[in-house]
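One structure is given here, and the rest of the page talks about it.
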Amino acid sequence: MNWLRRSHGQVTGQPLPAQPVIVAVHLSSRHDLATAEQCLSRMGRKTYRMSEPRGTRQHAHVEAREHLSEGRTVVMAPEGLRSWAGQIHRLEVEVARLALATGVLVVPAHVSDGNLVLGRPVDLSRHTDTPHSYAVLRAATDDIALALCDLTGLTYQDYPAVRGDLRPRPLIWLSRVRRQRRDRKKRRQFEQERLWQESTLDAEELAREEEKARLAAQLQARKASLADRLAEHGIHPGK
């Protein structure tokens with residue numbers, strides 16, 4: 001954790017409201033959430049980092065509501081994961097559900113050069129009187145996503161960050177395709193060798209059966225010839 005001790009980031013951009021708020025941080029690095037929490041703590045704000053490792057989603061939601069009621073600032077990454085592609089991905093509706101349940105503002109933010117840059121707070125009160133269905137939560141979440149796009153200047157991609165992070169880079173994709181081709185070639189060669197071996201065994205078995213049939217036919221012909229010669233001399237074996 002030496003990088004935390006070396007960080008002396010400040011809070012820049014728009015002023016942070018005095019009342020409890022939710023700070024929605026876009027992750028461009030895996031340390032951004034901790035950096036944002038530290039920057040807010042340096043300016044005297046009591047914070048609570050909302051993340052999955054603290055427990056289940058429902059438990060984290062209840063904890064976040066308690067901390068907001070106590071006057072703390074909730075810091076969260078609504079995209080869930082960082083994006084190496086430099087894009088804003090689809091946000092989880094949990095940020096809108098928490099904001100509508102508590103009536104607080106959502107402040108878009110991102111970390112730049114060790115500083116926490118804040119955007120204009122997003123007021124979701126226009127969705128308060130509407131039943132909080134998934135469609136309403138998604139619409140409110142999209143408002144926050146647009147605020148993050150305006151703040152960071154990044155484009156919005158309507159799919160989760162995990163899909164963006166798992167999307168293969170060109171070199172990785174090329175090496176993967178080559179490896180798959182090699183594997184398919186090996187499987188074809190193995191299948192051809194197996195078929196050749198099976199065909200060879202079948203041919204040998206058929207040759208053995210044909211040899212047995214030929215010998216049996218020769219033996220039967222000899223027996224018939226011997227019986228005819230004996231019959232000519234009046235000899236009838238078995239009588």
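Here's how to read the names in the structure tokens: chain A, B, ... by the order shown, residue numbers from 1 in each chain, ligand numbers from 1 in the order shown.
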
Would you mind listing what lies within 8 Å of Leu27 in chain A as JSON, numbers by chain, with only C-alpha atoms counted and same-chain residues fewer than 6 positions away left out? {"A": [33, 77, 79, 81, 82, 83, 110, 111]}

Enumerate as a list in words all residues of range 45-122 of chain A assigned to strand (DSSP E) by DSSP on the backbone, naming them with the chain letters and numbers the document uses. Thr47, Tyr48, Arg49, Met50, Thr73, Val74, Val75, Met76, Ile88, His89, Leu105, Val106, Val107, Pro108, Ala109, His110, Val111, Ser112, Asn115, Leu116, Val117 and Leu118 of chain A

Take the residues from that selection and put them in a file with N, CA and C atoms, as a PDB file, in the first residue's frame.
```pdb
ATOM      1  N   THR A  47     -16.330   9.232   4.674  1.00  0.00           N
ATOM      2  CA  THR A  47     -16.724   8.479   3.482  1.00  0.00           C
ATOM      3  C   THR A  47     -17.004   7.025   3.813  1.00  0.00           C
ATOM      4  N   TYR A  48     -17.724   6.422   2.909  1.00  0.00           N
ATOM      5  CA  TYR A  48     -17.993   4.983   2.966  1.00  0.00           C
ATOM      6  C   TYR A  48     -17.852   4.458   1.546  1.00  0.00           C
ATOM      7  N   ARG A  49     -16.960   3.479   1.383  1.00  0.00           N
ATOM      8  CA  ARG A  49     -16.744   2.899   0.061  1.00  0.00           C
ATOM      9  C   ARG A  49     -17.690   1.717  -0.121  1.00  0.00           C
ATOM     10  N   MET A  50     -18.575   1.848  -1.086  1.00  0.00           N
ATOM     11  CA  MET A  50     -19.549   0.791  -1.366  1.00  0.00           C
ATOM     12  C   MET A  50     -18.983  -0.111  -2.436  1.00  0.00           C
ATOM     13  N   THR A  73     -20.376  10.510   3.026  1.00  0.00           N
ATOM     14  CA  THR A  73     -20.376  10.489   1.569  1.00  0.00           C
ATOM     15  C   THR A  73     -20.088   9.067   1.101  1.00  0.00           C
ATOM     16  N   VAL A  74     -20.951   8.550   0.250  1.00  0.00           N
ATOM     17  CA  VAL A  74     -20.790   7.197  -0.278  1.00  0.00           C
ATOM     18  C   VAL A  74     -20.015   7.268  -1.591  1.00  0.00           C
ATOM     19  N   VAL A  75     -18.917   6.520  -1.660  1.00  0.00           N
ATOM     20  CA  VAL A  75     -18.091   6.454  -2.865  1.00  0.00           C
ATOM     21  C   VAL A  75     -18.291   5.086  -3.493  1.00  0.00           C
ATOM     22  N   MET A  76     -18.616   5.073  -4.773  1.00  0.00           N
ATOM     23  CA  MET A  76     -18.863   3.799  -5.441  1.00  0.00           C
ATOM     24  C   MET A  76     -18.450   3.896  -6.905  1.00  0.00           C
ATOM     25  N   ILE A  88     -17.017   4.848 -21.266  1.00  0.00           N
ATOM     26  CA  ILE A  88     -18.001   4.737 -20.190  1.00  0.00           C
ATOM     27  C   ILE A  88     -18.946   3.606 -20.549  1.00  0.00           C
ATOM     28  N   HIS A  89     -19.008   2.606 -19.678  1.00  0.00           N
ATOM     29  CA  HIS A  89     -19.854   1.445 -19.947  1.00  0.00           C
ATOM     30  C   HIS A  89     -21.167   1.567 -19.177  1.00  0.00           C
ATOM     31  N   LEU A 105     -28.084  13.618  -3.940  1.00  0.00           N
ATOM     32  CA  LEU A 105     -27.542  13.906  -5.255  1.00  0.00           C
ATOM     33  C   LEU A 105     -26.450  12.893  -5.599  1.00  0.00           C
ATOM     34  N   VAL A 106     -26.228  12.706  -6.890  1.00  0.00           N
ATOM     35  CA  VAL A 106     -25.156  11.846  -7.378  1.00  0.00           C
ATOM     36  C   VAL A 106     -24.132  12.730  -8.080  1.00  0.00           C
ATOM     37  N   VAL A 107     -22.886  12.672  -7.623  1.00  0.00           N
ATOM     38  CA  VAL A 107     -21.824  13.499  -8.175  1.00  0.00           C
ATOM     39  C   VAL A 107     -20.933  12.627  -9.058  1.00  0.00           C
ATOM     40  N   PRO A 108     -20.890  12.868 -10.377  1.00  0.00           N
ATOM     41  CA  PRO A 108     -19.971  12.103 -11.231  1.00  0.00           C
ATOM     42  C   PRO A 108     -18.535  12.527 -10.954  1.00  0.00           C
ATOM     43  N   ALA A 109     -17.600  11.579 -11.036  1.00  0.00           N
ATOM     44  CA  ALA A 109     -16.207  11.883 -10.717  1.00  0.00           C
ATOM     45  C   ALA A 109     -15.290  10.911 -11.441  1.00  0.00           C
ATOM     46  N   HIS A 110     -14.039  11.341 -11.598  1.00  0.00           N
ATOM     47  CA  HIS A 110     -12.997  10.457 -12.097  1.00  0.00           C
ATOM     48  C   HIS A 110     -11.669  10.950 -11.564  1.00  0.00           C
ATOM     49  N   VAL A 111     -10.681  10.082 -11.570  1.00  0.00           N
ATOM     50  CA  VAL A 111      -9.357  10.399 -11.040  1.00  0.00           C
ATOM     51  C   VAL A 111      -8.443  10.739 -12.203  1.00  0.00           C
ATOM     52  N   SER A 112      -7.764  11.884 -12.088  1.00  0.00           N
ATOM     53  CA  SER A 112      -6.830  12.335 -13.122  1.00  0.00           C
ATOM     54  C   SER A 112      -5.570  12.854 -12.442  1.00  0.00           C
ATOM     55  N   ASN A 115      -5.611  13.298  -8.747  1.00  0.00           N
ATOM     56  CA  ASN A 115      -6.620  14.205  -8.209  1.00  0.00           C
ATOM     57  C   ASN A 115      -8.018  13.683  -8.530  1.00  0.00           C
ATOM     58  N   LEU A 116      -8.960  13.981  -7.643  1.00  0.00           N
ATOM     59  CA  LEU A 116     -10.353  13.608  -7.856  1.00  0.00           C
ATOM     60  C   LEU A 116     -11.071  14.775  -8.510  1.00  0.00           C
ATOM     61  N   VAL A 117     -11.527  14.577  -9.729  1.00  0.00           N
ATOM     62  CA  VAL A 117     -12.217  15.628 -10.478  1.00  0.00           C
ATOM     63  C   VAL A 117     -13.719  15.379 -10.378  1.00  0.00           C
ATOM     64  N   LEU A 118     -14.452  16.376  -9.881  1.00  0.00           N
ATOM     65  CA  LEU A 118     -15.897  16.255  -9.684  1.00  0.00           C
ATOM     66  C   LEU A 118     -16.644  16.978 -10.789  1.00  0.00           C
TER      67      LEU A 118
END
```

Who sits within 7 Å of Pro78 in chain A, only C-alpha atoms, same chain under 6 positions skipped, as a ChimeraX atom specification: /A:24,91-92,95

Could you please take those selected residues and save N, CA, C and O atoms as a compact mmCIF listing (two decimals), in the first residue's frame?
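Everything below was put into result04.txt:
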```
# COMPACT_ATOMS: atom_id res chain seq x y z
N ALA A 24 -20.05 8.97 -7.76
CA ALA A 24 -19.96 7.87 -8.73
C ALA A 24 -18.66 8.04 -9.52
O ALA A 24 -18.53 8.98 -10.31
N LEU A 91 -23.91 1.50 -16.64
CA LEU A 91 -23.84 1.54 -15.18
C LEU A 91 -24.84 0.58 -14.57
O LEU A 91 -25.89 0.30 -15.17
N GLU A 92 -24.53 0.11 -13.39
CA GLU A 92 -25.48 -0.72 -12.65
C GLU A 92 -26.57 0.17 -12.06
O GLU A 92 -26.30 1.30 -11.60
N VAL A 95 -26.85 2.33 -8.29
CA VAL A 95 -26.56 3.72 -7.94
C VAL A 95 -27.83 4.55 -7.98
O VAL A 95 -28.06 5.41 -7.10
```

So that I can see what lies close to Thr102 in chain A, please list as a VMD selection string the residues with an atom at most 9 Å from it, counting only C-alpha atoms and leaving out residues fewer than 4 positions away in the same chain. chain A and resid 65 68 to 69 97 to 98

Could the residues in this selection be written to a file with C-alpha atoms, as a compact mmCIF listing (two decimals), in the first residue's frame?
```txt
# COMPACT_ATOMS: atom_id res chain seq x y z
CA ARG A 65 -28.28 4.02 3.38
CA LEU A 68 -25.87 8.46 4.17
CA SER A 69 -28.36 9.00 7.01
CA ARG A 97 -31.84 2.81 -6.61
CA LEU A 98 -29.76 4.10 -3.71
```

Would you give me, as a PyMOL selection string, the residues in range 1-237 of chain A that DSSP reads as helix (DSSP H, G or I)? chain A and resi 2-6+32-42+52-54+57-69+94-102+125-127+134-152+161-166+170-232

Kindly give the distance, in Å, that separates CA of Ile22 in chain A and CA of Gly103 in chain A, rounded to a single decimal. 10.3 Å

At what distance in Å, to one decimal, does CA of Gly86 in chain A lie from CA of Leu148 in chain A? 12.4 Å

Who sits within 9 Å of Asp143 in chain A, only C-alpha atoms, same chain under 4 positions skipped, as a list in words: Val122, Leu124, Arg138, Ala139, Ala147 and Leu148 of chain A

Okay, now the selection with all heavy atoms, as a PDB file, in the first residue's frame?
```pdb
ATOM      1  N   VAL A 122     -25.925  15.370 -10.160  1.00  0.00           N
ATOM      2  CA  VAL A 122     -27.103  14.928 -10.911  1.00  0.00           C
ATOM      3  C   VAL A 122     -28.267  14.792  -9.941  1.00  0.00           C
ATOM      4  O   VAL A 122     -28.188  14.050  -8.952  1.00  0.00           O
ATOM      5  CB  VAL A 122     -26.833  13.576 -11.611  1.00  0.00           C
ATOM      6  CG1 VAL A 122     -28.060  13.126 -12.389  1.00  0.00           C
ATOM      7  CG2 VAL A 122     -25.629  13.697 -12.531  1.00  0.00           C
ATOM      8  N   LEU A 124     -31.881  13.473  -9.321  1.00  0.00           N
ATOM      9  CA  LEU A 124     -32.816  12.474  -9.827  1.00  0.00           C
ATOM     10  C   LEU A 124     -34.210  12.632  -9.239  1.00  0.00           C
ATOM     11  O   LEU A 124     -35.019  11.698  -9.296  1.00  0.00           O
ATOM     12  CB  LEU A 124     -32.285  11.060  -9.519  1.00  0.00           C
ATOM     13  CG  LEU A 124     -30.902  10.709 -10.060  1.00  0.00           C
ATOM     14  CD1 LEU A 124     -30.508   9.299  -9.636  1.00  0.00           C
ATOM     15  CD2 LEU A 124     -30.863  10.829 -11.570  1.00  0.00           C
ATOM     16  N   ARG A 138     -33.298   2.350 -14.852  1.00  0.00           N
ATOM     17  CA  ARG A 138     -32.363   2.412 -15.973  1.00  0.00           C
ATOM     18  C   ARG A 138     -32.296   3.817 -16.553  1.00  0.00           C
ATOM     19  O   ARG A 138     -31.220   4.312 -16.910  1.00  0.00           O
ATOM     20  CB  ARG A 138     -32.791   1.392 -17.030  1.00  0.00           C
ATOM     21  CG  ARG A 138     -32.011   1.425 -18.347  1.00  0.00           C
ATOM     22  CD  ARG A 138     -30.528   1.388 -18.142  1.00  0.00           C
ATOM     23  NE  ARG A 138     -30.090   0.204 -17.410  1.00  0.00           N
ATOM     24  CZ  ARG A 138     -28.874   0.071 -16.897  1.00  0.00           C
ATOM     25  NH1 ARG A 138     -27.988   1.057 -17.006  1.00  0.00           N
ATOM     26  NH2 ARG A 138     -28.544  -1.019 -16.249  1.00  0.00           N
ATOM     27  N   ALA A 139     -33.446   4.490 -16.648  1.00  0.00           N
ATOM     28  CA  ALA A 139     -33.461   5.862 -17.160  1.00  0.00           C
ATOM     29  C   ALA A 139     -32.684   6.799 -16.234  1.00  0.00           C
ATOM     30  O   ALA A 139     -31.916   7.657 -16.691  1.00  0.00           O
ATOM     31  CB  ALA A 139     -34.897   6.340 -17.327  1.00  0.00           C
ATOM     32  N   ALA A 147     -23.769  12.185 -17.478  1.00  0.00           N
ATOM     33  CA  ALA A 147     -22.970  13.143 -16.712  1.00  0.00           C
ATOM     34  C   ALA A 147     -21.507  12.714 -16.652  1.00  0.00           C
ATOM     35  O   ALA A 147     -20.595  13.550 -16.728  1.00  0.00           O
ATOM     36  CB  ALA A 147     -23.542  13.283 -15.298  1.00  0.00           C
ATOM     37  N   LEU A 148     -21.263  11.417 -16.533  1.00  0.00           N
ATOM     38  CA  LEU A 148     -19.884  10.924 -16.556  1.00  0.00           C
ATOM     39  C   LEU A 148     -19.237  11.152 -17.926  1.00  0.00           C
ATOM     40  O   LEU A 148     -18.053  11.489 -18.016  1.00  0.00           O
ATOM     41  CB  LEU A 148     -19.856   9.430 -16.213  1.00  0.00           C
ATOM     42  CG  LEU A 148     -19.948   9.062 -14.729  1.00  0.00           C
ATOM     43  CD1 LEU A 148     -20.099   7.558 -14.562  1.00  0.00           C
ATOM     44  CD2 LEU A 148     -18.722   9.548 -13.983  1.00  0.00           C
TER      45      LEU A 148
END
```

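Note that the spacing between CA of Pro160 in chain A and CA of Val23 in chain A amounts to 19.4 Å.
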
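Using only C-alpha atoms, the nearest neighbour of Tyr156 in chain A within the list A:His67, A:Leu201, A:Ile235, A:Gln87 is A:Gln87.
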